[in-house]
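Below: protein.cif (mmCIF, C-alpha atoms)
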```
data_query
#
loop_
_atom_site.group_PDB
_atom_site.id
_atom_site.type_symbol
_atom_site.label_atom_id
_atom_site.label_comp_id
_atom_site.auth_asym_id
_atom_site.auth_seq_id
_atom_site.Cartn_x
_atom_site.Cartn_y
_atom_site.Cartn_z
ATOM 1 C CA MET A 1 12.654 -4.947 15.502
ATOM 2 C CA LYS A 2 14.861 -7.186 17.654
ATOM 3 C CA TYR A 3 17.293 -7.753 14.840
ATOM 4 C CA LEU A 4 17.537 -4.017 14.254
ATOM 5 C CA VAL A 5 18.419 -3.566 17.941
ATOM 6 C CA VAL A 6 21.046 -6.309 17.675
ATOM 7 C CA ILE A 7 22.607 -4.689 14.582
ATOM 8 C CA VAL A 8 22.625 -1.251 16.230
ATOM 9 C CA ALA A 9 24.201 -2.711 19.402
ATOM 10 C CA TRP A 10 26.861 -4.513 17.377
ATOM 11 C CA ALA A 11 27.611 -1.369 15.339
ATOM 12 C CA TYR A 12 27.868 0.690 18.536
ATOM 13 C CA LEU A 13 30.349 -1.712 20.092
ATOM 14 C CA ARG A 14 32.353 -1.918 16.872
ATOM 15 C CA LEU A 15 32.551 1.849 16.456
ATOM 16 C CA HIS A 16 33.318 2.290 20.139
ATOM 17 C CA THR A 17 36.235 -0.142 19.878
ATOM 18 C CA LEU A 18 37.550 1.371 16.624
ATOM 19 C CA LYS A 19 37.366 4.900 17.981
ATOM 20 C CA ARG A 20 39.304 3.926 21.058
ATOM 21 C CA TRP A 21 41.786 1.729 19.237
ATOM 22 C CA PRO A 22 44.717 4.205 18.769
ATOM 23 C CA GLU A 23 44.297 5.520 22.270
ATOM 24 C CA GLU A 24 44.175 2.019 23.717
ATOM 25 C CA ARG A 25 47.261 0.961 21.779
ATOM 26 C CA ARG A 26 49.188 3.940 23.065
ATOM 27 C CA LEU A 27 47.973 3.319 26.579
ATOM 28 C CA ARG A 28 48.796 -0.358 26.421
ATOM 29 C CA LYS A 29 52.275 0.442 25.145
ATOM 30 C CA GLN A 30 52.832 2.898 27.958
ATOM 31 C CA LEU A 31 51.429 0.510 30.498
ATOM 32 C CA HIS A 32 53.569 -2.276 29.180
ATOM 33 C CA GLU A 33 56.582 -0.005 29.290
ATOM 34 C CA ILE A 34 56.071 0.947 32.886
ATOM 35 C CA GLY A 35 55.181 -2.624 33.692
ATOM 36 C CA MET A 36 51.618 -2.037 34.800
ATOM 37 C CA LYS A 37 50.096 -5.096 33.220
ATOM 38 C CA ALA A 38 47.452 -5.245 35.917
ATOM 39 C CA GLU A 39 45.906 -1.972 34.728
ATOM 40 C CA ALA A 40 45.780 -3.261 31.162
ATOM 41 C CA LEU A 41 43.993 -6.364 32.388
ATOM 42 C CA SER A 42 41.535 -4.232 34.301
ATOM 43 C CA GLN A 43 40.730 -2.254 31.152
ATOM 44 C CA SER A 44 39.981 -5.408 29.179
ATOM 45 C CA HIS A 45 37.924 -6.633 32.089
ATOM 46 C CA LYS A 46 35.820 -3.444 31.861
ATOM 47 C CA ASP A 47 35.256 -4.107 28.161
ATOM 48 C CA GLY A 48 34.204 -7.614 29.067
ATOM 49 C CA GLU A 49 31.703 -6.224 31.569
ATOM 50 C CA HIS A 50 30.363 -3.907 28.905
ATOM 51 C CA LEU A 51 29.817 -6.831 26.563
ATOM 52 C CA ALA A 52 28.280 -8.973 29.280
ATOM 53 C CA LEU A 53 25.826 -6.218 30.200
ATOM 54 C CA MET A 54 24.865 -5.813 26.557
ATOM 55 C CA ALA A 55 24.326 -9.562 26.241
ATOM 56 C CA VAL A 56 22.126 -9.619 29.348
ATOM 57 C CA GLY A 57 20.130 -6.685 27.920
ATOM 58 C CA LEU A 58 19.636 -8.509 24.637
ATOM 59 C CA ILE A 59 18.509 -11.675 26.419
ATOM 60 C CA PHE A 60 15.938 -9.615 28.372
ATOM 61 C CA LEU A 61 14.787 -8.057 25.114
ATOM 62 C CA PHE A 62 14.238 -11.497 23.573
ATOM 63 C CA VAL A 63 12.394 -12.743 26.652
ATOM 64 C CA LEU A 64 10.180 -9.660 26.883
ATOM 65 C CA THR A 65 9.177 -9.792 23.227
ATOM 66 C CA GLY A 66 8.080 -13.380 23.795
ATOM 67 C CA LYS A 67 10.122 -15.206 21.184
ATOM 68 C CA ALA A 68 12.977 -16.567 23.276
ATOM 69 C CA GLY A 69 11.864 -20.155 22.886
ATOM 70 C CA PRO A 70 8.964 -22.534 22.352
ATOM 71 C CA LYS A 71 7.854 -22.249 25.995
ATOM 72 C CA THR A 72 6.658 -18.654 25.510
ATOM 73 C CA GLN A 73 4.408 -19.565 22.554
ATOM 74 C CA ARG A 74 0.961 -19.198 24.125
ATOM 75 C CA GLU A 75 -2.026 -20.982 22.594
ATOM 76 C CA GLY A 76 -4.932 -19.391 24.471
ATOM 77 C CA SER A 77 -5.895 -15.879 25.498
ATOM 78 C CA PRO A 78 -3.555 -13.688 27.619
ATOM 79 C CA LYS A 79 -3.304 -14.981 31.179
ATOM 80 C CA VAL A 80 -2.952 -11.484 32.647
ATOM 81 C CA GLY A 81 -6.246 -10.462 31.034
ATOM 82 C CA GLN A 82 -7.941 -13.568 32.396
ATOM 83 C CA TYR A 83 -6.529 -12.853 35.837
ATOM 84 C CA LEU A 84 -7.947 -9.326 35.774
ATOM 85 C CA LEU A 85 -11.377 -10.779 35.016
ATOM 86 C CA TYR A 86 -10.915 -13.255 37.870
ATOM 87 C CA LEU A 87 -10.127 -10.306 40.125
ATOM 88 C CA PHE A 88 -13.130 -8.168 39.278
ATOM 89 C CA LEU A 89 -15.975 -10.497 38.264
ATOM 90 C CA SER A 90 -18.118 -12.875 40.239
ATOM 91 C CA LYS A 91 -17.566 -16.594 39.779
ATOM 92 C CA LYS A 92 -20.818 -16.994 37.838
ATOM 93 C CA ASP A 93 -20.127 -14.095 35.478
ATOM 94 C CA ARG A 94 -16.521 -14.892 34.702
ATOM 95 C CA GLU A 95 -17.246 -18.490 33.714
ATOM 96 C CA TYR A 96 -19.372 -17.459 30.702
ATOM 97 C CA LEU A 97 -17.644 -14.170 29.992
ATOM 98 C CA ILE A 98 -14.127 -15.620 29.808
ATOM 99 C CA GLY A 99 -15.444 -18.491 27.680
ATOM 100 C CA ASP A 100 -17.014 -16.043 25.221
ATOM 101 C CA LEU A 101 -13.879 -13.905 25.112
ATOM 102 C CA ASP A 102 -11.672 -16.962 24.560
ATOM 103 C CA GLU A 103 -13.880 -18.085 21.694
ATOM 104 C CA GLU A 104 -13.741 -14.690 19.991
ATOM 105 C CA TYR A 105 -10.020 -14.310 20.763
ATOM 106 C CA LEU A 106 -9.241 -17.347 18.603
ATOM 107 C CA GLU A 107 -11.276 -15.863 15.733
ATOM 108 C CA VAL A 108 -9.488 -12.501 15.968
ATOM 109 C CA ARG A 109 -6.118 -14.242 16.254
ATOM 110 C CA ALA A 110 -6.786 -16.335 13.150
ATOM 111 C CA LYS A 111 -7.636 -13.155 11.234
ATOM 112 C CA PHE A 112 -5.076 -10.639 12.510
ATOM 113 C CA GLY A 113 -2.385 -12.511 14.451
ATOM 114 C CA ARG A 114 -1.548 -12.867 18.125
ATOM 115 C CA ARG A 115 -0.366 -9.349 18.855
ATOM 116 C CA TRP A 116 -3.545 -7.676 17.560
ATOM 117 C CA ALA A 117 -5.691 -10.360 19.180
ATOM 118 C CA ASP A 118 -3.999 -9.610 22.523
ATOM 119 C CA ILE A 119 -4.769 -5.904 22.118
ATOM 120 C CA TRP A 120 -8.389 -6.757 21.267
ATOM 121 C CA TYR A 121 -8.589 -9.000 24.352
ATOM 122 C CA TYR A 122 -7.202 -6.368 26.729
ATOM 123 C CA LYS A 123 -9.584 -3.760 25.296
ATOM 124 C CA GLN A 124 -12.495 -6.119 25.964
ATOM 125 C CA VAL A 125 -11.226 -6.736 29.500
ATOM 126 C CA ALA A 126 -10.853 -3.002 30.153
ATOM 127 C CA THR A 127 -14.295 -2.109 28.797
ATOM 128 C CA SER A 128 -16.066 -5.116 30.320
ATOM 129 C CA THR A 129 -14.963 -4.888 33.933
ATOM 130 C CA TRP A 130 -16.645 -1.546 34.606
ATOM 131 C CA PRO A 131 -20.235 -2.489 33.537
ATOM 132 C CA MET A 132 -19.981 -5.787 35.414
ATOM 133 C CA MET A 133 -18.579 -4.129 38.545
ATOM 134 C CA ARG A 134 -21.261 -1.429 38.388
ATOM 135 C CA LYS A 135 -23.920 -4.137 38.195
ATOM 136 C CA ALA A 136 -22.434 -5.926 41.191
ATOM 137 C CA VAL A 137 -22.156 -2.706 43.215
ATOM 138 C CA ARG A 138 -25.750 -1.699 42.409
ATOM 139 C CA TRP A 139 -27.116 -5.010 43.669
ATOM 140 C CA GLY A 140 -24.818 -4.863 46.649
ATOM 141 C CA VAL A 141 -26.133 -1.400 47.559
ATOM 142 C CA LEU A 142 -29.753 -2.524 47.121
ATOM 143 C CA ALA A 143 -29.117 -5.580 49.286
ATOM 144 C CA SER A 144 -27.587 -3.370 51.996
ATOM 145 C CA ILE A 145 -30.591 -0.994 51.925
ATOM 146 C CA GLY A 146 -32.952 -3.985 52.101
ATOM 147 C CA ALA A 147 -31.079 -5.394 55.084
ATOM 148 C CA TRP A 148 -31.131 -1.980 56.807
ATOM 149 C CA ILE A 149 -34.937 -1.670 56.281
ATOM 150 C CA ARG A 150 -35.482 -5.181 57.620
ATOM 151 C CA ARG A 151 -33.443 -4.380 60.708
ATOM 152 C CA SER A 152 -35.340 -1.083 61.229
ATOM 153 C CA LEU A 153 -38.811 -2.661 61.088
ATOM 154 C CA MET B 1 -57.198 2.430 34.246
ATOM 155 C CA SER B 2 -54.955 1.220 31.427
ATOM 156 C CA GLU B 3 -52.696 -1.815 31.883
ATOM 157 C CA HIS B 4 -49.039 -1.344 32.834
ATOM 158 C CA LYS B 5 -46.728 -0.948 29.831
ATOM 159 C CA ASP B 6 -43.070 -1.835 29.851
ATOM 160 C CA TYR B 7 -40.694 0.251 27.789
ATOM 161 C CA LEU B 8 -37.164 -0.726 26.978
ATOM 162 C CA GLY B 9 -34.030 1.360 26.923
ATOM 163 C CA HIS B 10 -32.263 1.788 23.591
ATOM 164 C CA PHE B 11 -29.500 -0.754 24.264
ATOM 165 C CA GLU B 12 -31.941 -3.151 25.945
ATOM 166 C CA GLU B 13 -34.118 -3.113 22.842
ATOM 167 C CA ILE B 14 -31.142 -3.816 20.559
ATOM 168 C CA VAL B 15 -29.894 -6.688 22.736
ATOM 169 C CA LEU B 16 -33.382 -8.203 22.992
ATOM 170 C CA LEU B 17 -33.810 -8.015 19.204
ATOM 171 C CA ALA B 18 -30.383 -9.647 18.731
ATOM 172 C CA VAL B 19 -31.451 -12.535 20.999
ATOM 173 C CA LEU B 20 -34.682 -12.893 19.008
ATOM 174 C CA ARG B 21 -32.776 -12.871 15.721
ATOM 175 C CA LEU B 22 -30.222 -15.481 16.858
ATOM 176 C CA ALA B 23 -32.997 -17.796 18.100
ATOM 177 C CA GLU B 24 -31.413 -21.127 19.152
ATOM 178 C CA ASN B 25 -27.851 -19.805 18.848
ATOM 179 C CA ALA B 26 -28.177 -16.845 21.235
ATOM 180 C CA TYR B 27 -25.215 -16.873 23.612
ATOM 181 C CA GLY B 28 -22.814 -14.147 24.794
ATOM 182 C CA ALA B 29 -20.230 -14.034 21.985
ATOM 183 C CA LYS B 30 -22.793 -14.294 19.168
ATOM 184 C CA ILE B 31 -25.063 -11.685 20.771
ATOM 185 C CA ARG B 32 -22.113 -9.307 21.120
ATOM 186 C CA GLN B 33 -21.146 -9.808 17.466
ATOM 187 C CA THR B 34 -24.725 -9.306 16.247
ATOM 188 C CA VAL B 35 -25.128 -6.108 18.289
ATOM 189 C CA ALA B 36 -21.730 -4.807 17.099
ATOM 190 C CA GLU B 37 -22.611 -5.466 13.442
ATOM 191 C CA ALA B 38 -26.063 -3.901 13.763
ATOM 192 C CA THR B 39 -24.901 -0.784 15.593
ATOM 193 C CA GLU B 40 -21.619 -0.524 13.624
ATOM 194 C CA ARG B 41 -19.625 0.109 16.768
ATOM 195 C CA ASP B 42 -17.509 -1.976 19.104
ATOM 196 C CA VAL B 43 -19.487 -3.310 22.029
ATOM 197 C CA SER B 44 -17.914 -4.855 25.100
ATOM 198 C CA ILE B 45 -18.983 -8.287 26.228
ATOM 199 C CA GLY B 46 -19.365 -6.902 29.752
ATOM 200 C CA ALA B 47 -21.923 -4.308 28.643
ATOM 201 C CA VAL B 48 -23.874 -7.025 26.813
ATOM 202 C CA TYR B 49 -23.881 -9.339 29.849
ATOM 203 C CA ALA B 50 -24.895 -6.529 32.209
ATOM 204 C CA THR B 51 -27.877 -5.781 29.938
ATOM 205 C CA LEU B 52 -28.755 -9.461 29.524
ATOM 206 C CA ASP B 53 -28.753 -9.926 33.307
ATOM 207 C CA ARG B 54 -30.979 -6.878 33.760
ATOM 208 C CA LEU B 55 -33.430 -8.144 31.143
ATOM 209 C CA GLU B 56 -33.471 -11.551 32.798
ATOM 210 C CA ARG B 57 -34.245 -10.001 36.192
ATOM 211 C CA LYS B 58 -37.149 -8.151 34.606
ATOM 212 C CA GLY B 59 -38.443 -11.460 33.253
ATOM 213 C CA TYR B 60 -37.909 -10.643 29.582
ATOM 214 C CA LEU B 61 -35.292 -13.324 29.073
ATOM 215 C CA LYS B 62 -34.521 -16.786 30.306
ATOM 216 C CA SER B 63 -31.039 -18.251 30.369
ATOM 217 C CA TRP B 64 -29.613 -21.717 30.791
ATOM 218 C CA GLN B 65 -26.224 -23.344 30.717
ATOM 219 C CA GLY B 66 -25.123 -24.911 27.455
ATOM 220 C CA GLU B 67 -22.301 -27.131 26.356
ATOM 221 C CA ALA B 68 -18.590 -26.524 26.969
ATOM 222 C CA THR B 69 -16.293 -26.506 23.928
ATOM 223 C CA PRO B 70 -12.477 -26.735 23.630
ATOM 224 C CA GLU B 71 -12.153 -23.315 21.949
ATOM 225 C CA ARG B 72 -13.758 -21.793 25.049
ATOM 226 C CA GLY B 73 -11.155 -23.417 27.272
ATOM 227 C CA GLY B 74 -13.719 -25.974 28.443
ATOM 228 C CA ARG B 75 -16.077 -23.291 29.712
ATOM 229 C CA ALA B 76 -19.832 -23.593 29.260
ATOM 230 C CA LYS B 77 -21.989 -21.308 27.108
ATOM 231 C CA ARG B 78 -24.919 -19.404 28.537
ATOM 232 C CA TYR B 79 -27.863 -19.444 26.146
ATOM 233 C CA PHE B 80 -30.713 -16.910 26.194
ATOM 234 C CA ARG B 81 -34.303 -17.027 25.004
ATOM 235 C CA VAL B 82 -36.846 -14.189 24.824
ATOM 236 C CA GLU B 83 -39.897 -14.761 27.017
ATOM 237 C CA GLY B 84 -43.457 -13.559 26.359
ATOM 238 C CA ALA B 85 -42.927 -10.501 28.574
ATOM 239 C CA GLY B 86 -39.900 -9.590 26.450
ATOM 240 C CA VAL B 87 -41.900 -9.742 23.237
ATOM 241 C CA ARG B 88 -44.633 -7.590 24.844
ATOM 242 C CA ALA B 89 -42.020 -5.050 25.974
ATOM 243 C CA LEU B 90 -40.607 -4.911 22.441
ATOM 244 C CA ASN B 91 -44.097 -4.362 21.022
ATOM 245 C CA ASP B 92 -44.931 -1.689 23.622
ATOM 246 C CA THR B 93 -41.690 0.167 22.903
ATOM 247 C CA ALA B 94 -42.190 -0.011 19.124
ATOM 248 C CA ALA B 95 -45.817 1.131 19.487
ATOM 249 C CA ALA B 96 -44.814 4.102 21.643
ATOM 250 C CA ARG B 97 -42.174 5.093 19.116
ATOM 251 C CA ASN B 98 -44.639 4.789 16.244
ATOM 252 C CA ARG B 99 -47.196 6.933 18.082
ATOM 253 C CA LEU B 100 -44.575 9.607 18.643
ATOM 254 C CA THR B 101 -43.264 9.634 15.067
ATOM 255 C CA GLU B 102 -46.652 9.245 13.351
ATOM 256 C CA GLY B 103 -47.488 12.173 11.123
ATOM 257 C CA PHE B 104 -44.077 13.706 11.325
ATOM 258 C CA ASP B 105 -42.034 14.198 8.190
ATOM 259 C CA PHE B 106 -38.545 15.126 9.250
ATOM 260 C CA GLY B 107 -36.481 12.355 7.674
ATOM 261 C CA LEU B 108 -36.862 9.736 10.418
ATOM 262 C CA ASN B 109 -37.214 6.988 7.852
ATOM 263 C CA PRO B 110 -33.644 6.045 6.817
ATOM 264 C CA SER B 111 -34.777 4.746 3.404
ATOM 265 C CA GLU B 112 -36.034 8.217 2.502
ATOM 266 C CA ALA B 113 -32.917 10.014 3.706
#
```
Please rewrite the model in this file as structure tokens.
Amino acid sequence: MKYLVVIVAWAYLRLHTLKRWPEERRLRKQLHEIGMKAEALSQSHKDGEHLALMAVGLIFLFVLTGKAGPKTQREGSPKVGQYLLYLFLSKKDREYLIGDLDEEYLEVRAKFGRRWADIWYYKQVATSTWPMMRKAVRWGVLASIGAWIRRSL
Amino acid sequence: MSEHKDYLGHFEEIVLLAVLRLAENAYGAKIRQTVAEATERDVSIGAVYATLDRLERKGYLKSWQGEATPERGGRAKRYFRVEGAGVRALNDTAAARNRLTEGFDFGLNPSEA
């Protein structure tokens, strides 16, 4: 996918330059004739900016797709998913639950690869937080009612 | 006056049976996998743990902390075992179902379908 984007970007720049070539040559000639070399320099500077922006975009693309270098190669389960569980679950619950998910994540990853394992992990996170939160809220409500009754007696 | 009978919900019964079937190896991930295979649908680990906790509060299960392994990121397992009350609840639920389906012939037995 990334390489396709690179090829398309290169082709776009190439075509863009070729299309503008006769016009640029005429312009440059005119500019040279009237001695406005500064304008010609400015034009090339704009092209340089264009290229620089494209390069920055490509670097972002590589970083976002996670293959920019060895540092982005993650061994364990997705950290964002783990963080979401840390946010919503109690300390006791998340210890076992994250352990179980990590164990299964490695199995899914060995079978289907990292990308599909990540999707599986996030689906588990999304479908697991609600039942656990509901359980916590139910006990919280019961505890509040109990405390209210105790205070009333 | 007859003695008090405990009946299990559908998912509770399945989870309790999965724990019974797994015996010494009954912990979260394995229970989830067993339930998913038996029901032929994806089950979330959160739903399994919520049910396991409920069953433990009712006294049908007992849990204890197991060993931590590297593939779990050094986190401990939580093992489960079915208690006597759990077995009685399973029997009561099965008996109630049998009483209700006894004598009927409308294709409830999957082997005859």
Running the PyMOL selection byres ((chain B) within 12 of (chain A)) on this model by hand, what would come out? Give it as a VMD selection string. chain B and resid 26 to 33 42 to 54 57 63 to 79
What is the distance between atom CA of Leu90 of chain B and atom CA of Ala143 of chain A, in Å to one decimal? 29.2 Å
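The neighbours of Glu12 of chain B here are the residues that come within 8 Å of it, using only C-alpha atoms and leaving out any residue fewer than 2 positions away in the same chain; they are Leu8, Gly9, His10, Ile14, Val15, Leu16, Thr51, Leu52 and Leu55 of chain B.
Across the model, the gap from atom CA of Ser90 of chain A to atom CA of Ala85 of chain B is 27.5 Å.
Computed from the coordinates, the atom CA of Val82 of chain B to atom CA of Lys91 of chain A distance equals 24.5 Å.
Compared by their closest atoms to His4 of chain B, and using only C-alpha atoms, the residues B:Arg88, B:Arg41, B:Arg21, B:Arg81 rank with B:Arg88 nearest.
Candidate residues A:Val5, A:Lys79, A:Arg28, A:Glu33 were compared for distance to Tyr122 of chain A, and the nearest is A:Lys79, using only C-alpha atoms.
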I'd like to know which of B:Thr101, B:Tyr7, B:Asn25, B:Glu56 is closest to Ala89 of chain B, using only C-alpha atoms.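 Closest to Ala89 of chain B, using only C-alpha atoms: B:Tyr7.
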Atoms added to segment 140-151 of chain A (all heavy atoms), reported as a PDB file, keeping the file's coordinate frame:
```
ATOM      1  N   GLY A 140     -25.355  -4.855  45.291  1.00  0.00           N
ATOM      2  CA  GLY A 140     -24.818  -4.863  46.649  1.00  0.00           C
ATOM      3  C   GLY A 140     -25.427  -3.748  47.481  1.00  0.00           C
ATOM      4  O   GLY A 140     -25.808  -3.955  48.641  1.00  0.00           O
ATOM      5  N   VAL A 141     -25.550  -2.550  46.862  1.00  0.00           N
ATOM      6  CA  VAL A 141     -26.133  -1.400  47.559  1.00  0.00           C
ATOM      7  C   VAL A 141     -27.597  -1.679  47.884  1.00  0.00           C
ATOM      8  O   VAL A 141     -28.058  -1.440  49.010  1.00  0.00           O
ATOM      9  CB  VAL A 141     -25.986  -0.119  46.691  1.00  0.00           C
ATOM     10  CG1 VAL A 141     -26.826   1.011  47.250  1.00  0.00           C
ATOM     11  CG2 VAL A 141     -24.527   0.299  46.604  1.00  0.00           C
ATOM     12  N   LEU A 142     -28.336  -2.212  46.902  1.00  0.00           N
ATOM     13  CA  LEU A 142     -29.753  -2.524  47.121  1.00  0.00           C
ATOM     14  C   LEU A 142     -29.925  -3.557  48.242  1.00  0.00           C
ATOM     15  O   LEU A 142     -30.815  -3.434  49.082  1.00  0.00           O
ATOM     16  CB  LEU A 142     -30.387  -3.048  45.825  1.00  0.00           C
ATOM     17  CG  LEU A 142     -30.677  -1.984  44.760  1.00  0.00           C
ATOM     18  CD1 LEU A 142     -31.223  -2.641  43.494  1.00  0.00           C
ATOM     19  CD2 LEU A 142     -31.693  -0.968  45.272  1.00  0.00           C
ATOM     20  N   ALA A 143     -29.046  -4.552  48.248  1.00  0.00           N
ATOM     21  CA  ALA A 143     -29.117  -5.580  49.286  1.00  0.00           C
ATOM     22  C   ALA A 143     -28.860  -4.965  50.663  1.00  0.00           C
ATOM     23  O   ALA A 143     -29.521  -5.315  51.650  1.00  0.00           O
ATOM     24  CB  ALA A 143     -28.099  -6.681  48.994  1.00  0.00           C
ATOM     25  N   SER A 144     -27.897  -4.028  50.723  1.00  0.00           N
ATOM     26  CA  SER A 144     -27.587  -3.370  51.996  1.00  0.00           C
ATOM     27  C   SER A 144     -28.778  -2.545  52.485  1.00  0.00           C
ATOM     28  O   SER A 144     -29.114  -2.577  53.678  1.00  0.00           O
ATOM     29  CB  SER A 144     -26.376  -2.442  51.829  1.00  0.00           C
ATOM     30  OG  SER A 144     -25.309  -3.153  51.326  1.00  0.00           O
ATOM     31  N   ILE A 145     -29.422  -1.806  51.551  1.00  0.00           N
ATOM     32  CA  ILE A 145     -30.591  -0.994  51.925  1.00  0.00           C
ATOM     33  C   ILE A 145     -31.715  -1.904  52.427  1.00  0.00           C
ATOM     34  O   ILE A 145     -32.360  -1.623  53.441  1.00  0.00           O
ATOM     35  CB  ILE A 145     -31.054  -0.135  50.726  1.00  0.00           C
ATOM     36  CG1 ILE A 145     -29.986   0.930  50.400  1.00  0.00           C
ATOM     37  CG2 ILE A 145     -32.401   0.529  51.002  1.00  0.00           C
ATOM     38  CD1 ILE A 145     -30.215   1.659  49.100  1.00  0.00           C
ATOM     39  N   GLY A 146     -31.908  -3.027  51.702  1.00  0.00           N
ATOM     40  CA  GLY A 146     -32.952  -3.985  52.101  1.00  0.00           C
ATOM     41  C   GLY A 146     -32.695  -4.517  53.502  1.00  0.00           C
ATOM     42  O   GLY A 146     -33.612  -4.601  54.338  1.00  0.00           O
ATOM     43  N   ALA A 147     -31.436  -4.870  53.765  1.00  0.00           N
ATOM     44  CA  ALA A 147     -31.079  -5.394  55.084  1.00  0.00           C
ATOM     45  C   ALA A 147     -31.294  -4.328  56.161  1.00  0.00           C
ATOM     46  O   ALA A 147     -31.781  -4.629  57.265  1.00  0.00           O
ATOM     47  CB  ALA A 147     -29.614  -5.844  55.072  1.00  0.00           C
ATOM     48  N   TRP A 148     -30.964  -3.081  55.847  1.00  0.00           N
ATOM     49  CA  TRP A 148     -31.131  -1.980  56.807  1.00  0.00           C
ATOM     50  C   TRP A 148     -32.618  -1.772  57.123  1.00  0.00           C
ATOM     51  O   TRP A 148     -32.992  -1.582  58.286  1.00  0.00           O
ATOM     52  CB  TRP A 148     -30.527  -0.706  56.221  1.00  0.00           C
ATOM     53  CG  TRP A 148     -30.657   0.478  57.117  1.00  0.00           C
ATOM     54  CD1 TRP A 148     -29.932   0.749  58.232  1.00  0.00           C
ATOM     55  CD2 TRP A 148     -31.602   1.552  57.006  1.00  0.00           C
ATOM     56  NE1 TRP A 148     -30.336   1.919  58.812  1.00  0.00           N
ATOM     57  CE2 TRP A 148     -31.366   2.431  58.074  1.00  0.00           C
ATOM     58  CE3 TRP A 148     -32.631   1.843  56.092  1.00  0.00           C
ATOM     59  CZ2 TRP A 148     -32.119   3.593  58.257  1.00  0.00           C
ATOM     60  CZ3 TRP A 148     -33.376   2.995  56.260  1.00  0.00           C
ATOM     61  CH2 TRP A 148     -33.111   3.852  57.347  1.00  0.00           C
ATOM     62  N   ILE A 149     -33.489  -1.833  56.073  1.00  0.00           N
ATOM     63  CA  ILE A 149     -34.937  -1.670  56.281  1.00  0.00           C
ATOM     64  C   ILE A 149     -35.475  -2.807  57.144  1.00  0.00           C
ATOM     65  O   ILE A 149     -36.258  -2.595  58.059  1.00  0.00           O
ATOM     66  CB  ILE A 149     -35.673  -1.604  54.921  1.00  0.00           C
ATOM     67  CG1 ILE A 149     -35.301  -0.298  54.197  1.00  0.00           C
ATOM     68  CG2 ILE A 149     -37.188  -1.696  55.087  1.00  0.00           C
ATOM     69  CD1 ILE A 149     -35.758  -0.234  52.756  1.00  0.00           C
ATOM     70  N   ARG A 150     -35.023  -4.027  56.840  1.00  0.00           N
ATOM     71  CA  ARG A 150     -35.482  -5.181  57.620  1.00  0.00           C
ATOM     72  C   ARG A 150     -35.100  -5.035  59.088  1.00  0.00           C
ATOM     73  O   ARG A 150     -35.868  -5.354  59.994  1.00  0.00           O
ATOM     74  CB  ARG A 150     -34.880  -6.473  57.041  1.00  0.00           C
ATOM     75  CG  ARG A 150     -35.662  -7.030  55.868  1.00  0.00           C
ATOM     76  CD  ARG A 150     -35.354  -8.514  55.666  1.00  0.00           C
ATOM     77  NE  ARG A 150     -33.921  -8.769  55.516  1.00  0.00           N
ATOM     78  CZ  ARG A 150     -33.271  -8.646  54.359  1.00  0.00           C
ATOM     79  NH1 ARG A 150     -33.918  -8.283  53.274  1.00  0.00           N
ATOM     80  NH2 ARG A 150     -31.985  -8.900  54.289  1.00  0.00           N
ATOM     81  N   ARG A 151     -33.898  -4.556  59.316  1.00  0.00           N
ATOM     82  CA  ARG A 151     -33.443  -4.380  60.708  1.00  0.00           C
ATOM     83  C   ARG A 151     -34.251  -3.282  61.409  1.00  0.00           C
ATOM     84  O   ARG A 151     -34.539  -3.359  62.593  1.00  0.00           O
ATOM     85  CB  ARG A 151     -31.957  -4.002  60.719  1.00  0.00           C
ATOM     86  CG  ARG A 151     -31.017  -5.189  60.576  1.00  0.00           C
ATOM     87  CD  ARG A 151     -29.620  -4.838  61.053  1.00  0.00           C
ATOM     88  NE  ARG A 151     -29.079  -3.680  60.368  1.00  0.00           N
ATOM     89  CZ  ARG A 151     -28.413  -3.727  59.221  1.00  0.00           C
ATOM     90  NH1 ARG A 151     -28.217  -4.889  58.630  1.00  0.00           N
ATOM     91  NH2 ARG A 151     -27.942  -2.632  58.660  1.00  0.00           N
TER      92      ARG A 151
END
```
